[in-house]
>>> print(open('entry28.txt').read())   # compact mmCIF, C-alpha atoms
# COMPACT_ATOMS: atom_id res chain seq x y z
CA ARG B 5 -32.53 10.52 -25.52
CA ILE B 6 -31.99 11.95 -22.07
CA ILE B 7 -32.53 9.86 -18.96
CA SER B 8 -32.71 11.47 -15.54
CA SER B 9 -33.08 9.97 -12.10
CA VAL B 10 -33.59 12.33 -9.15
CA LEU B 11 -33.72 15.88 -10.46
CA GLY B 12 -31.89 17.97 -7.90
CA ALA B 13 -30.81 21.48 -8.81
CA VAL B 14 -27.17 20.53 -9.38
CA GLN B 15 -28.16 17.51 -11.46
CA GLN B 16 -30.46 19.63 -13.61
CA LYS B 17 -27.66 22.09 -14.20
CA ILE B 18 -25.24 19.31 -15.17
CA GLU B 19 -27.71 17.83 -17.64
CA THR B 20 -28.57 21.19 -19.15
CA LYS B 21 -24.97 22.28 -19.56
CA LEU B 22 -23.86 18.99 -21.10
CA ALA B 23 -26.86 18.87 -23.44
CA GLU B 24 -26.27 22.43 -24.64
CA SER B 25 -22.49 22.25 -24.97
CA LEU B 26 -21.87 18.74 -26.27
CA THR B 27 -25.11 18.01 -28.21
CA PRO B 28 -25.20 14.37 -27.10
CA VAL B 29 -27.16 11.59 -28.79
CA PHE B 30 -27.29 9.91 -25.37
CA LEU B 31 -26.87 11.45 -21.94
CA GLN B 32 -27.36 9.87 -18.55
CA VAL B 33 -26.56 11.68 -15.31
CA VAL B 34 -26.92 9.69 -12.11
CA ASN B 35 -26.63 11.15 -8.62
CA GLU B 36 -24.63 8.55 -6.71
CA SER B 37 -24.31 10.56 -3.52
CA ASN B 38 -26.52 8.10 -1.63
CA LYS B 39 -23.78 5.49 -1.99
CA HIS B 40 -21.33 7.67 -0.10
CA ASN B 41 -20.98 8.91 3.44
CA VAL B 42 -22.67 12.27 2.86
CA PRO B 43 -25.98 13.70 4.15
CA VAL B 44 -29.22 12.44 2.63
CA GLY B 45 -30.20 14.50 -0.38
CA SER B 46 -26.60 15.51 -1.23
CA GLU B 47 -25.57 16.24 -4.79
CA THR B 48 -21.85 15.64 -4.48
CA HIS B 49 -21.13 12.42 -6.40
CA PHE B 50 -22.28 11.98 -9.98
CA LYS B 51 -21.85 9.49 -12.80
CA VAL B 52 -22.14 10.85 -16.33
CA THR B 53 -22.51 8.68 -19.43
CA ILE B 54 -22.44 10.75 -22.60
CA VAL B 55 -22.33 9.90 -26.29
CA SER B 56 -21.53 12.81 -28.56
CA PRO B 57 -20.34 13.30 -32.13
CA LEU B 58 -18.11 16.08 -30.81
CA PHE B 59 -15.89 13.41 -29.23
CA SER B 60 -14.87 12.01 -32.63
CA GLY B 61 -11.17 12.41 -33.31
CA HIS B 62 -10.35 13.06 -29.67
CA SER B 63 -8.54 10.74 -27.27
CA ILE B 64 -10.37 9.51 -24.20
CA ILE B 65 -8.58 11.97 -21.95
CA GLU B 66 -9.47 14.83 -24.30
CA GLN B 67 -13.10 13.69 -24.24
CA HIS B 68 -13.10 13.69 -20.43
CA ARG B 69 -11.44 17.12 -20.39
CA MET B 70 -14.27 18.41 -22.59
CA VAL B 71 -16.78 17.22 -20.01
CA ASN B 72 -14.70 18.63 -17.13
CA GLU B 73 -14.53 21.99 -18.91
CA VAL B 74 -18.32 22.16 -19.32
CA LEU B 75 -18.81 21.31 -15.64
CA LYS B 76 -15.91 23.30 -14.20
CA GLU B 77 -18.09 25.53 -12.03
CA GLU B 78 -19.90 22.56 -10.52
CA LEU B 79 -16.58 20.78 -9.91
CA LYS B 80 -15.19 23.88 -8.22
CA ASN B 81 -18.21 24.17 -5.95
CA SER B 82 -20.48 21.36 -4.90
CA VAL B 83 -19.48 18.32 -6.98
CA HIS B 84 -16.89 16.26 -5.11
CA ALA B 85 -16.60 13.28 -7.44
CA LEU B 86 -17.45 12.89 -11.11
CA SER B 87 -17.30 9.52 -12.85
CA ILE B 88 -17.34 9.97 -16.62
CA GLN B 89 -17.94 7.55 -19.48
CA THR B 90 -17.68 9.00 -22.96
CA LYS B 91 -18.32 7.40 -26.34
CA THR B 92 -18.63 8.48 -29.94
CA PRO B 93 -21.88 7.52 -31.73
CA GLU B 94 -19.96 5.01 -33.89
CA LYS B 95 -18.83 3.05 -30.84
CA TRP B 96 -22.15 3.32 -29.04
CA ASP B 97 -24.65 0.47 -29.06
CA PRO B 98 -27.74 1.49 -27.09
CA ASP B 99 -29.04 -2.09 -27.04
CA THR B 100 -26.02 -3.62 -25.38
CA HIS B 101 -24.74 -0.66 -23.38
CA LYS B 102 -24.46 -1.25 -19.67
CA PRO B 103 -22.86 1.54 -17.60
CA SER B 104 -19.93 0.19 -15.56
CA PRO B 105 -20.71 0.38 -11.84
CA SER B 106 -18.76 3.01 -9.92
CA PRO B 107 -16.31 1.74 -7.27
CA ALA B 108 -17.87 1.25 -3.85
CA CYS B 109 -17.21 3.94 -1.29
CA VAL B 110 -14.58 3.10 1.33
CA ARG B 111 -16.97 4.37 4.01
CA PRO B 112 -20.46 3.62 2.67
CA PRO B 113 -23.49 4.93 4.52
CA SER B 114 -24.30 2.61 7.41
CA SER B 115 -28.00 3.46 7.74
CA PRO B 116 -30.71 5.34 5.86
CA MET B 117 -30.58 8.13 8.48
CA ARG B 118 -26.84 8.65 8.39
CA PRO B 119 -25.19 11.56 10.24
CA SER B 120 -24.01 14.63 8.36
CA SER B 121 -20.35 13.84 7.78
CA SER B 122 -18.46 14.54 4.59
CA SER B 123 -16.54 11.91 2.71
CA LYS A 2 14.97 -0.67 11.60
CA TYR A 3 12.09 1.83 11.52
CA THR A 4 11.27 5.28 12.88
CA MET A 5 8.38 6.41 15.03
CA GLN A 6 7.30 8.79 12.28
CA SER A 7 6.84 6.05 9.73
CA LEU A 8 5.02 3.97 12.34
CA ARG A 9 2.72 6.92 13.07
CA ILE A 10 1.87 7.16 9.40
CA LEU A 11 0.93 3.51 9.30
CA ARG A 12 -1.27 3.86 12.37
CA ARG A 13 -3.36 6.54 10.61
CA VAL A 14 -5.52 4.10 8.75
CA PRO A 15 -9.31 4.24 8.48
CA SER A 16 -10.91 2.34 11.32
CA CYS A 17 -13.59 0.89 9.04
CA VAL A 18 -11.03 -1.04 6.98
CA LYS A 19 -10.76 -4.48 8.49
CA ALA A 20 -7.28 -5.54 9.52
CA ILE A 21 -6.43 -9.03 8.39
CA ARG A 22 -3.47 -11.03 9.57
CA PRO A 23 -0.08 -9.62 8.58
CA ALA A 24 1.33 -11.26 5.52
CA TYR A 25 4.05 -9.01 4.13
CA GLN A 26 6.53 -6.33 4.91
CA ILE A 27 5.77 -2.69 4.28
CA THR A 28 8.51 -0.58 2.79
CA SER A 29 8.17 3.18 2.87
CA ARG A 30 10.63 5.83 1.81
CA LEU A 31 11.09 8.75 4.20
CA ASN A 32 13.27 11.44 2.62
CA SER A 33 16.07 9.40 1.15
CA SER A 34 16.10 6.54 3.64
CA VAL A 35 14.38 3.23 3.14
CA HIS A 36 12.72 1.74 6.20
CA THR A 37 11.56 -1.82 6.41
CA LEU A 38 8.77 -2.23 8.90
CA PRO A 39 8.16 -5.51 10.68
CA THR A 40 4.62 -6.75 10.36
CA THR A 41 4.60 -8.42 13.73
CA SER A 42 4.88 -5.16 15.67
CA SER A 43 1.88 -4.71 17.93
CA CYS A 44 1.51 -1.00 17.12
CA VAL A 45 1.23 -1.46 13.35
CA THR A 46 -2.04 -2.35 11.64
CA SER A 47 -1.23 -4.60 8.72
CA TYR A 48 -3.25 -5.73 5.76
CA HIS A 49 -3.09 -8.83 3.68
CA ILE A 50 -2.48 -8.36 -0.03
CA SER A 51 -1.65 -11.39 -2.10
CA SER A 52 0.64 -9.66 -4.61
CA PRO A 53 4.21 -8.81 -3.61
CA ILE A 54 4.68 -5.17 -2.65
CA THR A 55 6.17 -3.20 -5.52
CA TYR A 56 5.25 0.37 -4.60
CA ASN A 57 6.81 3.09 -2.48
CA HIS A 58 4.56 5.37 -0.51
CA ILE A 59 6.21 8.77 -0.28
CA ILE A 60 5.57 10.80 2.85
CA SER A 61 4.50 14.05 1.27
CA ARG A 62 3.76 16.48 4.07
CA GLY A 63 5.39 19.87 4.30
CA TYR A 64 5.53 20.76 0.64
CA ALA A 65 4.19 24.24 1.35
CA ALA A 66 6.97 24.88 3.87
CA SER A 67 9.69 24.14 1.30
CA SER A 68 11.35 26.90 -0.69
CA VAL A 69 10.70 24.93 -3.88
CA THR A 70 7.21 25.59 -5.19
CA VAL A 71 4.58 22.91 -5.01
CA GLN A 72 4.33 22.82 -8.79
CA GLU A 73 8.07 22.24 -9.10
CA LYS A 74 7.94 19.50 -6.48
CA ILE A 75 5.14 17.73 -8.31
CA ALA A 76 6.93 18.13 -11.64
CA GLN A 77 9.98 16.43 -10.11
CA ALA A 78 7.93 13.76 -8.35
CA VAL A 79 6.05 12.57 -11.43
CA LYS A 80 9.33 12.03 -13.25
CA LYS A 81 11.09 10.22 -10.40
CA SER A 82 9.44 6.91 -11.16
CA PRO A 83 7.98 5.43 -14.37
CA CYS A 84 4.61 5.19 -12.61
CA VAL A 85 3.32 7.64 -10.01
CA LEU A 86 -0.11 7.66 -8.35
CA TYR A 87 -1.62 10.56 -6.45
CA MET A 88 -4.45 9.13 -4.38
CA LYS A 89 -6.50 9.51 -1.22
CA GLY A 90 -4.97 7.28 1.42
CA TYR A 91 -2.32 4.63 0.89
CA PRO A 92 -2.22 1.75 -1.59
CA GLU A 93 -2.72 -0.66 1.28
CA ALA A 94 -5.35 1.55 2.95
CA PRO A 95 -7.16 3.73 0.41
CA MET A 96 -9.60 6.32 1.69
CA CYS A 97 -11.68 6.66 -1.45
CA GLY A 98 -13.36 4.06 -3.66
CA PHE A 99 -11.95 5.53 -6.90
CA SER A 100 -8.42 5.64 -5.44
CA ARG A 101 -8.85 2.09 -4.23
CA ALA A 102 -9.93 0.89 -7.67
CA LEU A 103 -6.91 2.40 -9.39
CA ALA A 104 -4.43 1.32 -6.71
CA ASN A 105 -5.82 -2.22 -6.82
CA ILE A 106 -5.19 -2.45 -10.57
CA LEU A 107 -1.56 -1.47 -10.08
CA ILE A 108 -1.03 -3.71 -7.06
CA SER A 109 -2.67 -6.76 -8.63
CA GLU A 110 -0.51 -6.41 -11.75
CA GLY A 111 2.67 -6.01 -9.70
CA VAL A 112 3.34 -2.52 -11.07
CA LYS A 113 6.26 -0.64 -9.51
CA PHE A 114 4.95 2.80 -8.57
CA ASP A 115 5.36 5.71 -6.17
CA SER A 116 2.23 6.78 -4.34
CA TYR A 117 1.37 10.10 -2.69
CA ASN A 118 -1.49 10.57 -0.26
CA VAL A 119 -3.05 13.95 -1.08
CA LEU A 120 -4.88 13.91 2.26
CA GLU A 121 -1.52 14.38 4.03
CA ASP A 122 -1.02 17.85 2.57
CA GLU A 123 -3.72 20.20 1.26
CA SER A 124 -1.16 22.05 -0.88
CA ILE A 125 -0.50 18.84 -2.79
CA ARG A 126 -4.17 17.99 -3.04
CA GLN A 127 -4.84 21.27 -4.83
CA GLY A 128 -1.38 21.49 -6.39
CA VAL A 129 -1.67 18.23 -8.32
CA LYS A 130 -5.08 19.30 -9.66
CA ASP A 131 -3.54 22.59 -10.86
CA TYR A 132 -0.53 20.75 -12.32
CA SER A 133 -2.58 18.37 -14.45
CA LYS A 134 -5.53 20.76 -14.89
CA TRP A 135 -7.68 17.84 -13.78
CA PRO A 136 -10.25 18.41 -11.04
CA THR A 137 -10.32 15.07 -9.25
CA ILE A 138 -8.19 12.50 -7.42
CA PRO A 139 -6.82 9.84 -8.10
CA GLN A 140 -4.33 10.84 -10.78
CA LEU A 141 -2.06 8.44 -12.61
CA TYR A 142 1.21 9.50 -14.24
CA ILE A 143 3.34 7.31 -16.52
CA ASN A 144 6.79 8.59 -17.53
CA GLY A 145 5.88 12.01 -16.18
CA GLU A 146 2.77 12.28 -18.32
CA PHE A 147 -0.70 12.58 -16.82
CA ILE A 148 -2.76 9.60 -17.99
CA GLY A 149 -6.08 10.14 -16.21
CA GLY A 150 -8.17 9.18 -13.23
CA SER A 151 -9.77 5.88 -12.30
CA ASP A 152 -12.35 5.88 -15.14
CA ILE A 153 -9.72 6.36 -17.83
CA ALA A 154 -7.25 3.95 -16.19
CA LEU A 155 -9.93 1.27 -15.90
CA GLU A 156 -10.95 1.67 -19.53
CA MET A 157 -7.33 1.54 -20.67
CA TYR A 158 -6.77 -1.51 -18.45
CA LYS A 159 -9.71 -3.31 -20.04
CA SER A 160 -8.42 -2.57 -23.53
CA GLY A 161 -4.87 -3.64 -22.64
CA GLU A 162 -3.52 -0.19 -23.37
CA LEU A 163 -2.58 0.51 -19.74
CA MET A 164 -0.40 -2.58 -19.30
CA LYS A 165 1.25 -1.88 -22.66
CA MET A 166 2.11 1.67 -21.55
CA LEU A 167 3.43 0.44 -18.21
CA GLN A 168 5.56 -2.20 -19.87
CA GLU A 169 7.02 0.34 -22.29
CA ALA A 170 7.76 2.60 -19.30
CA GLY A 171 9.58 -0.25 -17.52
CA ALA A 172 7.17 -0.18 -14.59
CA LEU A 173 6.34 -3.86 -14.38
CA LYS A 174 7.88 -5.86 -11.54
CA ASP A 175 10.04 -8.13 -13.61
CA GLN A 176 11.55 -5.25 -15.53
CA LYS A 177 14.68 -3.38 -14.49
>>> encode(input="entry28.txt", output="structure tokens")
Amino acid sequence: RIISSVLGAVQQKIETKLAESLTPVFLQVVNESNKHNVPVGSETHFKVTIVSPLFSGHSIIEQHRMVNEVLKEELKNSVHALSIQTKTPEKWDPDTHKPSPSPACVRPPSSPMRPSSSS
Amino acid sequence: KYTMQSLRILRRVPSCVKAIRPAYQITSRLNSSVHTLPTTSSCVTSYHISSPITYNHIISRGYAASSVTVQEKIAQAVKKSPCVLYMKGYPEAPMCGFSRALANILISEGVKFDSYNVLEDESIRQGVKDYSKWPTIPQLYINGEFIGGSDIALEMYKSGELMKMLQEAGALKDQK
């Protein structure tokens, strides 16, 4: 089951690449750029929750490295921050799962029409 | 006794972080000297943290100018202390929410650690990413081994694994 919020071009690419490379049973990609001090409409901060059988037998850092490897072009270019939560299907309970909230930005946007400054 | 350089570093704090009344002394290591900075100085912005200070912030500028490569410097740095944190900003004044989250875990548990502000030196900011082959900051090292960023550290903290690793590394405040 794939859940998407705002479908910007970078977000679409992230979802497509992760779906193709890691064959997840659950994938959620959230653009969290609006919580940070970046221009409106940015695609710089993402949170990825992904459940994949390919993670079985791998440590948590290895699982995160697998995600980083799939998204290495995006991380080299436009993506500034990537929060990752990985799980194997055995440890995944879709009924009780609640994604942990990402830490608040040190300099959150002060108004809806914030100036174009980078974080 | 303190130097103007260390005072200058402390003055470079984000203006949006609210200064609360001074409550502790800040110790920073500049080269091999240890400077204790008075909190009542009028030119130092101080922050209140309830836990005793157990970390050293290392002034890390000028790596690129050294004859030793950045990778070698980082390799030495991560082994100098049982727990080392590369972050954006300082433990008492983080400049990134993820760095703040990880630093706060360490501070609240009284972990003894060295911190490096990657924003002080672009060669370190990229160098540490190349060293660990990890694309983001913050980065936590225990006994010279890269552990992960804030997501991994938080998950390990919740499971108890992080504190166990830190205890085995001798990084907790009551350990020698």
>>> closest_residue(input="entry28.txt", among="B:Asp99, B:Gly45, B:Ser60, B:Lys39", to="chain A", atoms="only C-alpha atoms")
B:Lys39
>>> closest_residue(input="entry28.txt", among="A:Asn144, A:Gln127, A:Thr137, A:Ser160", to="chain B", atoms="all atoms listed in the file")
A:Thr137
>>> closest_atom_pairs(input="entry28.txt", of="chain B", to="chain A", cutoff="12 Å", atoms="all atoms listed in the file", output="JSON lines")
{"residue": "B:Lys39", "atom": "CA", "partner": "A:Gly98", "partner_atom": "CA", "distance": 10.6}
{"residue": "B:His40", "atom": "CA", "partner": "A:Gly98", "partner_atom": "CA", "distance": 9.4}
{"residue": "B:Asn41", "atom": "CA", "partner": "A:Cys97", "partner_atom": "CA", "distance": 10.7}
{"residue": "B:His49", "atom": "CA", "partner": "A:Phe99", "partner_atom": "CA", "distance": 11.5}
{"residue": "B:Lys51", "atom": "CA", "partner": "A:Asp152", "partner_atom": "CA", "distance": 10.4}
{"residue": "B:Val52", "atom": "CA", "partner": "A:Asp152", "partner_atom": "CA", "distance": 11.0}
{"residue": "B:Thr53", "atom": "CA", "partner": "A:Asp152", "partner_atom": "CA", "distance": 11.4}
{"residue": "B:Ser63", "atom": "CA", "partner": "A:Ile153", "partner_atom": "CA", "distance": 10.5}
{"residue": "B:Ile64", "atom": "CA", "partner": "A:Ile153", "partner_atom": "CA", "distance": 7.1}
{"residue": "B:Ile65", "atom": "CA", "partner": "A:Gly149", "partner_atom": "CA", "distance": 6.5}
{"residue": "B:Glu66", "atom": "CA", "partner": "A:Gly149", "partner_atom": "CA", "distance": 9.9}
{"residue": "B:Gln67", "atom": "CA", "partner": "A:Ile153", "partner_atom": "CA", "distance": 10.3}
{"residue": "B:His68", "atom": "CA", "partner": "A:Ile153", "partner_atom": "CA", "distance": 8.5}
{"residue": "B:Arg69", "atom": "CA", "partner": "A:Trp135", "partner_atom": "CA", "distance": 7.6}
{"residue": "B:Met70", "atom": "CA", "partner": "A:Trp135", "partner_atom": "CA", "distance": 11.0}
{"residue": "B:Val71", "atom": "CA", "partner": "A:Trp135", "partner_atom": "CA", "distance": 11.0}
{"residue": "B:Asn72", "atom": "CA", "partner": "A:Pro136", "partner_atom": "CA", "distance": 7.5}
{"residue": "B:Glu73", "atom": "CA", "partner": "A:Trp135", "partner_atom": "CA", "distance": 9.5}
{"residue": "B:Leu75", "atom": "CA", "partner": "A:Pro136", "partner_atom": "CA", "distance": 10.1}
{"residue": "B:Lys76", "atom": "CA", "partner": "A:Pro136", "partner_atom": "CA", "distance": 8.1}
{"residue": "B:Glu77", "atom": "CA", "partner": "A:Pro136", "partner_atom": "CA", "distance": 10.6}
{"residue": "B:Glu78", "atom": "CA", "partner": "A:Pro136", "partner_atom": "CA", "distance": 10.5}
{"residue": "B:Leu79", "atom": "CA", "partner": "A:Pro136", "partner_atom": "CA", "distance": 6.9}
{"residue": "B:Lys80", "atom": "CA", "partner": "A:Pro136", "partner_atom": "CA", "distance": 7.9}
{"residue": "B:Asn81", "atom": "CA", "partner": "A:Pro136", "partner_atom": "CA", "distance": 11.1}
{"residue": "B:Val83", "atom": "CA", "partner": "A:Thr137", "partner_atom": "CA", "distance": 10.0}
{"residue": "B:His84", "atom": "CA", "partner": "A:Thr137", "partner_atom": "CA", "distance": 7.9}
{"residue": "B:Ala85", "atom": "CA", "partner": "A:Thr137", "partner_atom": "CA", "distance": 6.8}
{"residue": "B:Leu86", "atom": "CA", "partner": "A:Thr137", "partner_atom": "CA", "distance": 7.7}
{"residue": "B:Ser87", "atom": "CA", "partner": "A:Asp152", "partner_atom": "CA", "distance": 6.6}
{"residue": "B:Ile88", "atom": "CA", "partner": "A:Asp152", "partner_atom": "CA", "distance": 6.6}
{"residue": "B:Gln89", "atom": "CA", "partner": "A:Asp152", "partner_atom": "CA", "distance": 7.3}
{"residue": "B:Thr90", "atom": "CA", "partner": "A:Ile153", "partner_atom": "CA", "distance": 9.8}
{"residue": "B:Lys91", "atom": "CA", "partner": "A:Glu156", "partner_atom": "CA", "distance": 11.6}
{"residue": "B:Pro103", "atom": "CA", "partner": "A:Asp152", "partner_atom": "CA", "distance": 11.6}
{"residue": "B:Ser104", "atom": "CA", "partner": "A:Asp152", "partner_atom": "CA", "distance": 9.5}
{"residue": "B:Pro105", "atom": "CA", "partner": "A:Asp152", "partner_atom": "CA", "distance": 10.5}
{"residue": "B:Ser106", "atom": "CA", "partner": "A:Phe99", "partner_atom": "CA", "distance": 7.9}
{"residue": "B:Pro107", "atom": "CA", "partner": "A:Gly98", "partner_atom": "CA", "distance": 5.2}
{"residue": "B:Ala108", "atom": "CA", "partner": "A:Gly98", "partner_atom": "CA", "distance": 5.3}
{"residue": "B:Cys109", "atom": "CA", "partner": "A:Gly98", "partner_atom": "CA", "distance": 4.5}
{"residue": "B:Val110", "atom": "CA", "partner": "A:Gly98", "partner_atom": "CA", "distance": 5.2}
{"residue": "B:Arg111", "atom": "CA", "partner": "A:Cys17", "partner_atom": "CA", "distance": 7.0}
{"residue": "B:Pro112", "atom": "CA", "partner": "A:Gly98", "partner_atom": "CA", "distance": 9.5}
{"residue": "B:Pro113", "atom": "CA", "partner": "A:Cys17", "partner_atom": "CA", "distance": 11.6}
{"residue": "B:Ser114", "atom": "CA", "partner": "A:Cys17", "partner_atom": "CA", "distance": 11.0}
{"residue": "B:Ser123", "atom": "CA", "partner": "A:Cys97", "partner_atom": "CA", "distance": 8.3}
>>> atom_distance(input="entry28.txt", atom1="atom CA of Leu141 of chain A", atom2="atom CA of Leu58 of chain B")
25.4 Å
>>> atom_distance(input="entry28.txt", atom1="atom CA of Lys113 of chain A", atom2="atom CA of Val129 of chain A")
20.5 Å
>>> atom_distance(input="entry28.txt", atom1="atom CA of Ile106 of chain A", atom2="atom CA of His58 of chain A")
16.0 Å
>>> closest_residue(input="entry28.txt", among="B:Pro93, B:Pro98, B:Pro43, B:Gly12", to="Gly61 of chain B", atoms="only C-alpha atoms")
B:Pro93
>>> closest_residue(input="entry28.txt", among="A:Lys174, A:Leu163, A:Glu169, A:Asp115", to="Val79 of chain A", atoms="all atoms listed in the file")
A:Asp115
>>> axis_aligned_box(input="entry28.txt", around="segment 54-67 of chain B", padding_each_side="8 Å", output="lines of an AutoDock Vina configuration file")
center_x = -15.5
center_y = 12.8
center_z = -27.6
size_x = 29.9
size_y = 22.6
size_z = 27.4
>>> residues_near_point(input="entry28.txt", point="(-25.3, 5.0, -29.9)", cutoff="10 Å", atoms="only C-alpha atoms", output="number ranges by chain")
B: 28-30, 54-57, 91-101
>>> residues_around(input="entry28.txt", residues="segment 88-93 of chain A", least_positions_apart="5", cutoff="7 Å", atoms="all atoms listed in the file", output="ChimeraX atom specification")
/A:48,100,104,117-120,138-140
>>> closest_residue(input="entry28.txt", among="B:Val33, B:Ala13, B:Leu22, B:Val74", to="Ser46 of chain B", atoms="all atoms listed in the file")
B:Ala13
>>> build_atoms(input="entry28.txt", residues="segment 59-72 of chain B", atoms="N, CA and C atoms", output="compact mmCIF listing (two decimals), in the coordinates of the input")
# COMPACT_ATOMS: atom_id res chain seq x y z
N PHE B 59 -17.04 14.14 -29.77
CA PHE B 59 -15.89 13.41 -29.23
C PHE B 59 -15.05 12.76 -30.33
N SER B 60 -15.60 12.70 -31.54
CA SER B 60 -14.87 12.01 -32.63
C SER B 60 -13.54 12.69 -32.86
N GLY B 61 -12.50 11.87 -33.04
CA GLY B 61 -11.17 12.41 -33.31
C GLY B 61 -10.41 12.83 -32.06
N HIS B 62 -11.04 12.70 -30.91
CA HIS B 62 -10.35 13.06 -29.67
C HIS B 62 -10.04 11.82 -28.86
N SER B 63 -8.90 11.85 -28.14
CA SER B 63 -8.54 10.74 -27.27
C SER B 63 -9.49 10.73 -26.07
N ILE B 64 -9.46 9.63 -25.33
CA ILE B 64 -10.37 9.51 -24.20
C ILE B 64 -10.11 10.60 -23.17
N ILE B 65 -8.85 10.93 -22.94
CA ILE B 65 -8.58 11.97 -21.95
C ILE B 65 -9.06 13.33 -22.44
N GLU B 66 -8.95 13.57 -23.74
CA GLU B 66 -9.47 14.83 -24.30
C GLU B 66 -10.99 14.87 -24.17
N GLN B 67 -11.65 13.73 -24.38
CA GLN B 67 -13.10 13.69 -24.24
C GLN B 67 -13.50 14.01 -22.79
N HIS B 68 -12.78 13.42 -21.84
CA HIS B 68 -13.10 13.69 -20.43
C HIS B 68 -12.82 15.15 -20.09
N ARG B 69 -11.75 15.70 -20.65
CA ARG B 69 -11.44 17.12 -20.39
C ARG B 69 -12.55 18.02 -20.93
N MET B 70 -13.16 17.61 -22.05
CA MET B 70 -14.27 18.41 -22.59
C MET B 70 -15.43 18.43 -21.60
N VAL B 71 -15.70 17.29 -20.99
CA VAL B 71 -16.78 17.22 -20.01
C VAL B 71 -16.41 18.03 -18.76
N ASN B 72 -15.16 17.88 -18.31
CA ASN B 72 -14.70 18.63 -17.13
C ASN B 72 -14.82 20.13 -17.37
